[in-house]
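Colleague: Pasting work_22.cif here (mmCIF, C-alpha atoms and all ligand atoms):
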data_data
#
loop_
_atom_site.label_atom_id
_atom_site.label_comp_id
_atom_site.auth_asym_id
_atom_site.auth_seq_id
_atom_site.Cartn_x
_atom_site.Cartn_y
_atom_site.Cartn_z
CA MET T 1 3.69 20.05 -13.05
CA ILE T 2 2.35 17.36 -10.76
CA PHE T 3 2.28 13.80 -12.04
CA THR T 4 0.07 11.20 -10.36
CA LEU T 5 0.03 7.49 -10.98
CA LEU T 6 -3.57 6.29 -10.88
CA GLY T 7 -3.05 2.66 -11.84
CA THR T 8 0.33 0.93 -12.02
CA GLY T 9 -0.83 -2.52 -13.06
CA CYS T 10 -1.49 -4.37 -16.29
CA PRO T 11 -4.32 -6.60 -17.56
CA GLN T 12 -3.89 -8.76 -14.45
CA VAL T 13 -6.55 -7.95 -11.83
CA ASP T 14 -4.94 -6.68 -8.63
CA THR T 15 -6.59 -4.61 -5.93
CA ARG T 16 -3.28 -2.89 -5.13
CA ARG T 17 -2.36 -2.03 -8.71
CA PHE T 18 -5.27 -0.92 -10.89
CA GLY T 19 -5.15 -0.80 -14.70
CA PRO T 20 -2.69 1.59 -16.40
CA SER T 21 -3.66 5.23 -15.98
CA GLN T 22 -2.06 8.49 -14.83
CA ILE T 23 -2.64 12.21 -14.75
CA VAL T 24 -0.59 15.35 -15.25
CA ARG T 25 -1.82 18.49 -13.51
CA HIS T 26 -0.53 21.93 -14.32
CA HIS T 27 -1.98 25.40 -13.70
CA GLY T 28 -5.46 24.02 -13.04
CA ALA T 29 -5.59 21.74 -16.07
CA THR T 30 -5.84 17.96 -15.77
CA TYR T 31 -4.57 15.63 -18.47
CA LEU T 32 -5.36 11.93 -18.30
CA ILE T 33 -3.01 9.45 -19.92
CA ASP T 34 -4.63 6.08 -20.58
CA CYS T 35 -7.83 4.87 -19.05
CA GLY T 36 -7.33 1.41 -17.58
CA SER T 37 -9.59 -0.44 -15.17
CA GLY T 38 -10.43 1.65 -12.10
CA THR T 39 -9.44 5.00 -13.56
CA THR T 40 -12.48 6.92 -12.32
CA GLN T 41 -12.18 5.60 -8.79
CA ARG T 42 -8.50 6.46 -8.66
CA LEU T 43 -9.18 9.90 -10.17
CA MET T 44 -11.47 10.66 -7.28
CA ALA T 45 -8.99 9.32 -4.74
CA ALA T 46 -6.39 11.63 -6.30
CA GLY T 47 -8.64 14.66 -5.75
CA ALA T 48 -9.93 14.98 -9.31
CA THR T 49 -12.92 13.71 -11.27
CA GLY T 50 -13.69 12.86 -14.85
CA ALA T 51 -15.50 16.19 -15.04
CA ASP T 52 -12.14 17.92 -14.49
CA VAL T 53 -10.28 16.17 -17.28
CA ASP T 54 -9.24 18.59 -20.04
CA ALA T 55 -7.80 16.02 -22.42
CA VAL T 56 -7.31 12.27 -22.59
CA PHE T 57 -4.18 10.87 -24.25
CA LEU T 58 -4.16 7.21 -25.24
CA THR T 59 -0.79 5.53 -25.75
CA HIS T 60 -2.27 2.62 -27.71
CA LEU T 61 -5.46 0.64 -28.05
CA HIS T 62 -4.69 -2.41 -25.92
CA SER T 63 -7.75 -3.03 -23.79
CA ASP T 64 -5.96 -2.56 -20.47
CA HIS T 65 -5.28 1.07 -21.48
CA ILE T 66 -8.75 2.00 -22.72
CA VAL T 67 -11.25 -0.27 -21.03
CA ASP T 68 -12.68 2.42 -18.73
CA LEU T 69 -13.16 5.11 -21.36
CA PHE T 70 -16.92 4.63 -21.39
CA GLN T 71 -17.02 4.68 -17.60
CA LEU T 72 -15.08 7.96 -17.72
CA ILE T 73 -17.60 9.46 -20.14
CA ILE T 74 -20.77 8.39 -18.36
CA SER T 75 -19.49 9.13 -14.85
CA SER T 76 -18.25 12.58 -15.93
CA TRP T 77 -21.77 13.34 -17.13
CA HIS T 78 -23.16 12.31 -13.75
CA GLN T 79 -20.56 14.60 -12.17
CA GLY T 80 -22.00 17.58 -14.06
CA ARG T 81 -19.59 17.80 -16.93
CA ASP T 82 -20.94 19.99 -19.73
CA ARG T 83 -18.42 19.42 -22.52
CA PRO T 84 -17.28 16.37 -24.46
CA GLN T 85 -14.12 14.49 -23.61
CA TYR T 86 -11.26 15.47 -25.89
CA VAL T 87 -9.45 12.26 -26.78
CA TYR T 88 -6.05 12.06 -28.49
CA GLY T 89 -5.08 8.58 -29.60
CA PRO T 90 -3.54 6.50 -32.36
CA LYS T 91 -5.21 5.57 -35.62
CA GLY T 92 -8.24 3.45 -34.77
CA THR T 93 -9.30 5.63 -31.82
CA LYS T 94 -12.13 7.26 -33.79
CA ARG T 95 -13.51 3.87 -34.74
CA TYR T 96 -13.24 2.61 -31.19
CA VAL T 97 -14.91 5.64 -29.61
CA LYS T 98 -17.63 5.78 -32.25
CA GLY T 99 -18.43 2.11 -31.70
CA LEU T 100 -18.41 2.55 -27.94
CA LEU T 101 -20.85 5.46 -28.03
CA LYS T 102 -23.07 3.67 -30.54
CA LEU T 103 -23.20 0.58 -28.36
CA TRP T 104 -24.50 2.66 -25.45
CA GLN T 105 -27.02 4.75 -27.43
CA PRO T 106 -30.09 3.01 -25.96
CA GLU T 107 -28.73 3.72 -22.46
CA PHE T 108 -28.04 7.36 -23.36
CA LYS T 109 -31.54 7.86 -24.77
CA GLN T 110 -33.18 6.39 -21.72
CA ARG T 111 -31.06 8.33 -19.25
CA ILE T 112 -31.38 11.64 -21.11
CA ALA T 113 -35.17 11.31 -21.21
CA HIS T 114 -35.48 10.16 -17.62
CA GLU T 115 -32.79 12.13 -15.77
CA LYS T 116 -33.41 15.45 -17.57
CA ARG T 117 -29.95 16.90 -16.93
CA THR T 118 -29.11 20.36 -18.22
CA SER T 119 -26.50 19.31 -20.77
CA VAL T 120 -25.82 16.21 -22.84
CA ALA T 121 -22.52 17.48 -24.25
CA ALA T 122 -20.54 15.22 -21.91
CA LEU T 123 -22.00 12.14 -23.57
CA GLY T 124 -19.91 12.82 -26.64
CA ALA T 125 -16.23 12.75 -27.44
CA GLU T 126 -14.05 14.71 -29.81
CA VAL T 127 -11.30 12.48 -31.08
CA VAL T 128 -8.02 13.49 -32.65
CA GLU T 129 -5.98 10.70 -34.20
CA ILE T 130 -2.35 11.53 -33.66
CA LYS T 131 0.95 10.99 -35.39
CA ALA T 132 4.46 11.42 -34.06
CA GLY T 133 5.40 14.98 -33.14
CA GLU T 134 3.77 17.83 -31.30
CA ILE T 135 0.12 16.95 -30.72
CA PHE T 136 -1.15 19.38 -28.11
CA HIS T 137 -0.35 22.81 -26.80
CA ALA T 138 -2.22 24.71 -24.09
CA GLY T 139 -0.65 27.67 -22.34
CA GLU T 140 2.76 26.53 -21.19
CA MET T 141 2.02 22.86 -21.65
CA MET T 142 3.21 21.07 -24.74
CA VAL T 143 2.65 17.39 -25.46
CA THR T 144 4.70 15.43 -27.97
CA ALA T 145 3.99 11.90 -29.18
CA VAL T 146 6.84 9.49 -29.85
CA VAL T 147 6.35 6.23 -31.74
CA VAL T 148 7.48 3.34 -29.54
CA ASP T 149 8.06 -0.32 -30.26
CA HIS T 150 5.18 -2.43 -28.97
CA TYR T 151 5.06 -4.70 -32.02
CA PRO T 152 2.69 -6.11 -33.17
CA VAL T 153 0.61 -3.21 -31.80
CA ARG T 154 0.97 -0.36 -34.27
CA PRO T 155 1.01 2.48 -33.76
CA ALA T 156 1.87 2.78 -30.09
CA PHE T 157 3.06 6.02 -28.52
CA GLY T 158 5.00 7.37 -25.60
CA PHE T 159 4.42 10.99 -24.58
CA LEU T 160 6.48 13.95 -23.48
CA PHE T 161 4.83 16.59 -21.30
CA GLU T 162 6.85 19.79 -21.24
CA THR T 163 6.61 23.20 -19.65
CA PRO T 164 9.39 25.77 -19.32
CA GLU T 165 10.19 24.32 -15.88
CA ALA T 166 9.58 20.60 -16.23
CA ARG T 167 9.99 17.71 -18.62
CA LEU T 168 8.22 14.41 -18.15
CA ALA T 169 8.39 11.34 -20.39
CA ILE T 170 5.85 8.50 -20.27
CA SER T 171 6.94 5.38 -22.12
CA GLY T 172 3.57 3.81 -22.81
CA ASP T 173 4.04 0.12 -23.58
CA THR T 174 7.29 -0.57 -25.37
CA THR T 175 10.30 -2.74 -25.61
CA TYR T 176 13.73 -1.06 -25.64
CA CYS T 177 13.20 1.88 -27.97
CA PRO T 178 16.06 4.18 -29.11
CA GLU T 179 13.61 6.80 -30.43
CA LEU T 180 12.00 7.13 -27.01
CA ILE T 181 15.41 7.39 -25.33
CA GLU T 182 16.40 10.15 -27.74
CA ALA T 183 13.18 12.09 -27.21
CA ALA T 184 13.36 11.68 -23.44
CA ARG T 185 16.99 12.75 -23.10
CA GLY T 186 17.52 14.79 -19.95
CA VAL T 187 13.93 14.61 -18.70
CA ASP T 188 13.29 15.33 -15.05
CA VAL T 189 11.20 12.19 -14.68
CA LEU T 190 10.99 9.14 -16.93
CA VAL T 191 7.91 7.03 -16.26
CA HIS T 192 8.65 3.64 -17.74
CA GLU T 193 6.84 0.35 -17.99
CA VAL T 194 8.60 -2.81 -16.84
CA TYR T 195 8.33 -6.52 -17.28
CA ILE T 196 9.75 -8.31 -14.26
CA HIS T 197 12.48 -10.56 -15.60
CA ARG T 198 13.61 -13.19 -13.17
CA GLY T 199 16.46 -14.61 -15.17
CA PRO T 200 16.52 -17.67 -17.38
CA GLN T 201 13.63 -20.03 -16.80
CA PRO T 202 14.04 -22.60 -19.54
CA SER T 203 10.95 -24.53 -18.61
CA MET T 204 8.78 -21.41 -18.93
CA LEU T 205 10.29 -20.42 -22.25
CA VAL T 206 9.70 -23.82 -23.73
CA GLU T 207 6.29 -24.48 -22.26
CA ASP T 208 4.78 -21.02 -22.32
CA PRO T 209 5.35 -19.14 -25.56
CA GLY T 210 2.56 -16.73 -24.48
CA SER T 211 4.72 -15.41 -21.61
CA ARG T 212 7.69 -15.18 -23.93
CA ASN T 213 5.66 -13.13 -26.40
CA VAL T 214 4.37 -10.82 -23.67
CA GLN T 215 7.94 -10.20 -22.55
CA SER T 216 9.02 -9.50 -26.13
CA TYR T 217 6.93 -6.32 -26.43
CA HIS T 218 7.70 -4.95 -22.98
CA THR T 219 10.91 -3.68 -21.39
CA SER T 220 12.52 -6.20 -19.08
CA SER T 221 13.67 -5.23 -15.62
CA ASP T 222 17.24 -6.04 -16.63
CA VAL T 223 16.99 -3.49 -19.47
CA VAL T 224 14.96 -0.59 -18.07
CA GLY T 225 17.88 0.77 -16.00
CA ARG T 226 19.93 1.04 -19.17
CA VAL T 227 17.08 2.96 -20.80
CA ALA T 228 17.09 5.52 -17.96
CA ARG T 229 20.87 5.81 -18.06
CA GLU T 230 20.98 6.33 -21.82
CA ALA T 231 18.16 8.89 -21.57
CA ASP T 232 20.04 10.64 -18.74
CA ALA T 233 16.78 10.76 -16.78
CA GLY T 234 16.70 12.70 -13.51
CA VAL T 235 14.40 10.15 -11.89
CA LEU T 236 13.22 6.75 -13.10
CA LEU T 237 9.66 6.04 -12.03
CA LEU T 238 8.61 2.47 -12.75
CA SER T 239 5.00 1.59 -13.51
CA HIS T 240 2.85 -0.85 -15.53
CA PHE T 241 4.31 -3.82 -13.71
CA VAL T 242 3.97 -7.19 -15.41
CA PRO T 243 3.19 -9.12 -13.30
CA THR T 244 1.81 -6.92 -10.54
CA ARG T 245 3.35 -8.88 -7.66
CA PHE T 246 7.13 -9.22 -7.49
CA ASP T 247 10.14 -8.94 -5.21
CA GLU T 248 10.75 -5.18 -4.95
CA GLU T 249 14.22 -5.59 -3.46
CA GLU T 250 15.27 -7.78 -6.34
CA LEU T 251 13.82 -5.33 -8.86
CA LEU T 252 15.69 -2.38 -7.35
CA GLN T 253 18.92 -4.33 -7.37
CA GLN T 254 18.46 -5.26 -10.99
CA VAL T 255 17.63 -1.75 -12.17
CA SER T 256 20.22 0.06 -10.06
CA ALA T 257 22.95 -2.08 -11.60
CA ASP T 258 22.49 0.00 -14.75
CA PHE T 259 21.19 3.34 -13.46
CA ASP T 260 22.80 5.49 -10.75
CA GLY T 261 19.94 7.98 -10.36
CA PRO T 262 16.87 7.77 -8.11
CA ILE T 263 14.59 4.82 -8.89
CA LEU T 264 11.00 4.79 -7.70
CA ILE T 265 8.82 1.72 -7.68
CA GLY T 266 5.53 3.37 -8.53
CA GLU T 267 2.43 2.89 -6.42
CA ASP T 268 -1.14 3.78 -7.25
CA LEU T 269 -1.81 7.39 -6.16
CA MET T 270 1.86 8.35 -5.89
CA ASN T 271 2.36 12.05 -6.71
CA VAL T 272 5.55 13.50 -8.11
CA ASP T 273 6.43 17.17 -8.46
CA VAL T 274 8.24 16.86 -11.78
CA ALA T 275 10.31 20.06 -11.83
CA GLY T 276 11.22 19.71 -8.16
CA ARG T 277 11.96 16.00 -8.54
CA ARG T 278 10.09 15.31 -5.32
CA VAL T 279 7.60 12.69 -4.20
CA LEU T 280 4.55 14.33 -2.60
CA SER T 281 2.59 11.50 -1.07
CA TRP T 282 1.40 10.08 2.18
CA GLY T 283 2.15 13.33 4.02
CA MET T 284 5.77 13.51 2.99
CA SER T 285 7.83 15.57 0.60
CA LEU T 286 10.80 13.53 -0.46
CA ALA T 287 13.50 15.10 -2.64
CA LEU T 288 15.04 12.71 -5.13
CA GLY T 289 18.70 13.53 -5.67
CA LYS T 290 20.11 16.76 -6.94
CA GLN T 291 17.65 19.47 -7.88
CA PRO T 292 17.72 20.82 -11.43
CA GLN T 293 19.23 24.29 -11.69
CA ALA T 294 17.30 26.33 -14.25
CA PRO T 295 14.40 26.10 -16.69
CA LYS T 296 15.27 24.21 -19.82
CA PRO T 297 15.84 26.88 -22.47
CA GLU T 298 14.82 24.59 -25.29
CA ALA T 299 11.47 23.68 -23.73
CA LYS T 300 10.82 27.34 -22.95
CA LEU T 301 11.50 28.34 -26.52
CA ARG T 302 9.35 25.61 -27.98
CA ALA T 303 6.48 26.31 -25.60
CA THR T 304 6.19 29.84 -26.92
CA GLN T 305 6.24 28.94 -30.57
CA LYS T 306 2.69 27.91 -31.12
CA THR T 307 -0.71 28.84 -29.80
CA GLU T 308 -3.92 27.09 -30.68
CA ALA T 309 -7.44 26.74 -29.44
CA VAL T 310 -7.66 24.37 -26.51
CA PRO T 311 -10.40 22.98 -24.34
CA ARG T 312 -11.20 25.31 -21.48
CA GLU T 313 -9.37 24.57 -18.29
CA SER T 314 -11.12 23.20 -15.26
CA LYS T 315 -10.79 24.34 -11.68
CA THR T 316 -7.56 23.35 -10.04
CA ARG T 317 -7.54 20.45 -7.64
CA THR T 318 -3.81 20.41 -7.25
CA ARG T 319 -3.95 21.82 -3.76
CA HIS T 320 -5.60 18.64 -2.50
CA ILE T 321 -2.56 16.56 -3.14
CA ILE T 322 0.22 18.65 -1.67
ZN ZN T 401 -0.33 -2.41 -21.21
ZN ZN T 402 0.07 -2.84 -24.58
#
Would you put the structure from the file into structure tokens?
Ligand SMILES: [Zn+2]
Ligand SMILES: [Zn+2]

Modeller:
Amino acid sequence: MIFTLLGTGCPQVDTRRFGPSQIVRHHGATYLIDCGSGTTQRLMAAGATGADVDAVFLTHLHSDHIVDLFQLIISSWHQGRDRPQYVYGPKGTKRYVKGLLKLWQPEFKQRIAHEKRTSVAALGAEVVEIKAGEIFHAGEMMVTAVVVDHYPVRPAFGFLFETPEARLAISGDTTYCPELIEAARGVDVLVHEVYIHRGPQPSMLVEDPGSRNVQSYHTSSDVVGRVAREADAGVLLLSHFVPTRFDEEELLQQVSADFDGPILIGEDLMNVDVAGRRVLSWGMSLALGKQPQAPKPEAKLRATQKTEAVPRESKTRTRHII
């Protein structure tokens, strides 16, 4: 299982950190998690395209996580996709996608008539509104949704991606969340959002309740290390930085005070081999701490329990990133 950060930012516009988005690749399948600003450009830079995406998983419906969904759909069509996007998201996703496609109907009609492409299937989407629990199963890959605490946004999910060899947890947007910690216990890699907390700033708290509220539904940098420790994560990979510019040294010091394991400050286009706990980027292969010993028996057992129809898999692009 190869995990790639596409965008590690937040609503703030930053050319170094695009909007929140990431992919999981396994055995030729590509799964996209969230679709923030710049997703399609980053997909291509990562050696994939929207046409390759087998399923899209949305953690929640905040605009920074879904704003490029239409761009994904239309660009995938231009890339020759001949099937709809399969979208898994919280309640409200159907309404959002339906409205989005309706809004662009005049554009679709004009393009279909003028460009005369062989298929129009890619201009649609099949949406599954999810609840907590197992939501997807394809071959060895199983995806579980966990309700997280991003109040007042409800529901909001984190996801677990599991194969017999690898376990990956993605927090989505959340404040400290015991349910996520429980579900993520012992994962190889925990991808977690972080709000950069610079200590008490009384003037900000008094004068800027907006900032205070933003912090209240994210996980502060003085808390996220504790989350990784309690989850017994193999590697903590930080992403979704609020704000996008910060003192990295200070952040590492803060987080490592609570977590002894490897801590990665995520970068756009960083690849991680989840089972091997290795960074595969920029021409290097960097092992992160002790390697796990054997496949997780529980994940293996669960992965064989259920089989269901899944979207067909696309050609593998994984070789481009190793
Ligand atoms: Zn967000
Ligand atoms: Zn959010």

Colleague: Of the residues T:Tyr86, T:Trp104, T:Phe157, T:Phe3, which is the one nearest to ligand ZN 401 (chain T), using all atoms listed in the file?

Modeller: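 Checking each candidate against ligand ZN 401 (chain T), we get T:Phe157 as the closest.
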
Colleague: Under the rule that all atoms listed in the file are counted, which of T:Arg111, T:His137, T:Lys131, T:His150 is the nearest residue to ligand ZN 402 (chain T)?

Modeller: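 Checking each candidate against ligand ZN 402 (chain T), we get T:His150 as the closest.
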
Colleague: I'd like the neighbourhood of T:Leu190 as number ranges by chain, where a residue qualifies if any of its atoms comes within 8 Å (using only C-alpha atoms), though same-chain residues fewer than 6 positions away should be ignored.

Modeller: T: 168-171, 184, 228, 233-237

Colleague: Choose the residue, out of T:Glu193, T:Asp258, T:Glu115, T:Glu126, that has the smallest atom-to-atom separation from ligand ZN 402 (chain T); count only C-alpha atoms and all ligand atoms.

Modeller: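 Of the candidates, the smallest distance to ligand ZN 402 (chain T) is held by T:Glu193.
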
Colleague: Show me which residues line ligand ZN 401 (chain T), defined as having an atom within 6 Å of a ligand atom where only C-alpha atoms and all ligand atoms count, and present them as an MDAnalysis selection string.

Modeller: chainID T and resid 10 64 173

Colleague: Print the selection's residues with C-alpha atoms to a file, as a compact mmCIF listing (two decimals), keeping the file's coordinate frame.

Modeller:
# COMPACT_ATOMS: atom_id res chain seq x y z
CA CYS T 10 -1.49 -4.37 -16.29
CA ASP T 64 -5.96 -2.56 -20.47
CA ASP T 173 4.04 0.12 -23.58

Colleague: Taking only C-alpha atoms and all ligand atoms into account, report as a list of chain:residue names which residues have an atom no farther than 8 Å from an atom of ligand ZN 402 (chain T).

Modeller: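 With only C-alpha atoms and all ligand atoms and a cut-off of 8 Å, ligand ZN 402 (chain T) is contacted by T:His60, T:Leu61, T:His62, T:Ser63, T:Asp64, T:His65, T:His150, T:Val153, T:Gly172, T:Asp173, T:Thr174, T:Tyr217.
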
Colleague: Could you state the separation of atom CA of T:Ala132 and atom CA of T:Cys177 in Å, given to one decimal place?

Modeller: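 Spanning atom CA of T:Ala132 to atom CA of T:Cys177 is a straight-line distance of 14.3 Å.
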
Colleague: Please, what distance in Å, to one decimal, runs between atom CA of T:Pro106 and atom CA of T:Glu129?

Modeller: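 Interatomic distance, atom CA of T:Pro106 to atom CA of T:Glu129: 26.6 Å.
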
Colleague: Show me the residues close to (3.0, 12.6, -23.9) - anything with an atom within 8 Å, counting all atoms listed in the file - and format the list as a count of residues only.

Modeller: 13

Colleague: Which of these residues is nearest to T:Gly38, using only C-alpha atoms: T:Lys116, T:Lys109, T:Arg245, T:Arg17?

Modeller: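 Among the listed residues, T:Arg17 lies closest to T:Gly38.
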
Colleague: Which polymer residues have any atom within 12 Å of an atom of T:Glu250, counting only C-alpha atoms, with same-chain residues fewer than 2 positions away left out, as number ranges by chain?

Modeller: T: 196-199, 221-222, 246-248, 252-257, 265

Colleague: Separation of atom CA of T:Pro11 and atom CA of T:Asp268, in Å?

Modeller: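 Separation of atom CA of T:Pro11 and atom CA of T:Asp268: 15.0 Å.
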
Colleague: Measuring between all atoms listed in the file, which one of T:Arg42, T:His26, T:His218, T:Arg16 shows the shortest distance to T:Asp149?

Modeller: T:His218

Colleague: Give me, as an MDAnalysis selection string, all polymer residues having an atom no more than 12 Å from T:Ile2, counting only C-alpha atoms and skipping those fewer than 3 positions away in the same chain.

Modeller: chainID T and resid 5 22:31 46 161:163 165:168 188:189 269:281 316:322

Colleague: Excluding stretch 98-102 of chain T and its own-chain neighbours fewer than 6 positions away, which residues fall within 12 Å of it when counting only C-alpha atoms? Please give them as a VMD selection string.

Modeller: chain T and resid 66 to 71 73 to 74 87 92 108 to 109 122 to 127

Colleague: Choose the residue, out of T:Tyr151, T:Tyr96, T:Trp77, T:Phe18, that has the smallest atom-to-atom separation from T:Ser37; count all atoms listed in the file.

Modeller: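 Of the candidates, the smallest distance to T:Ser37 is held by T:Phe18.
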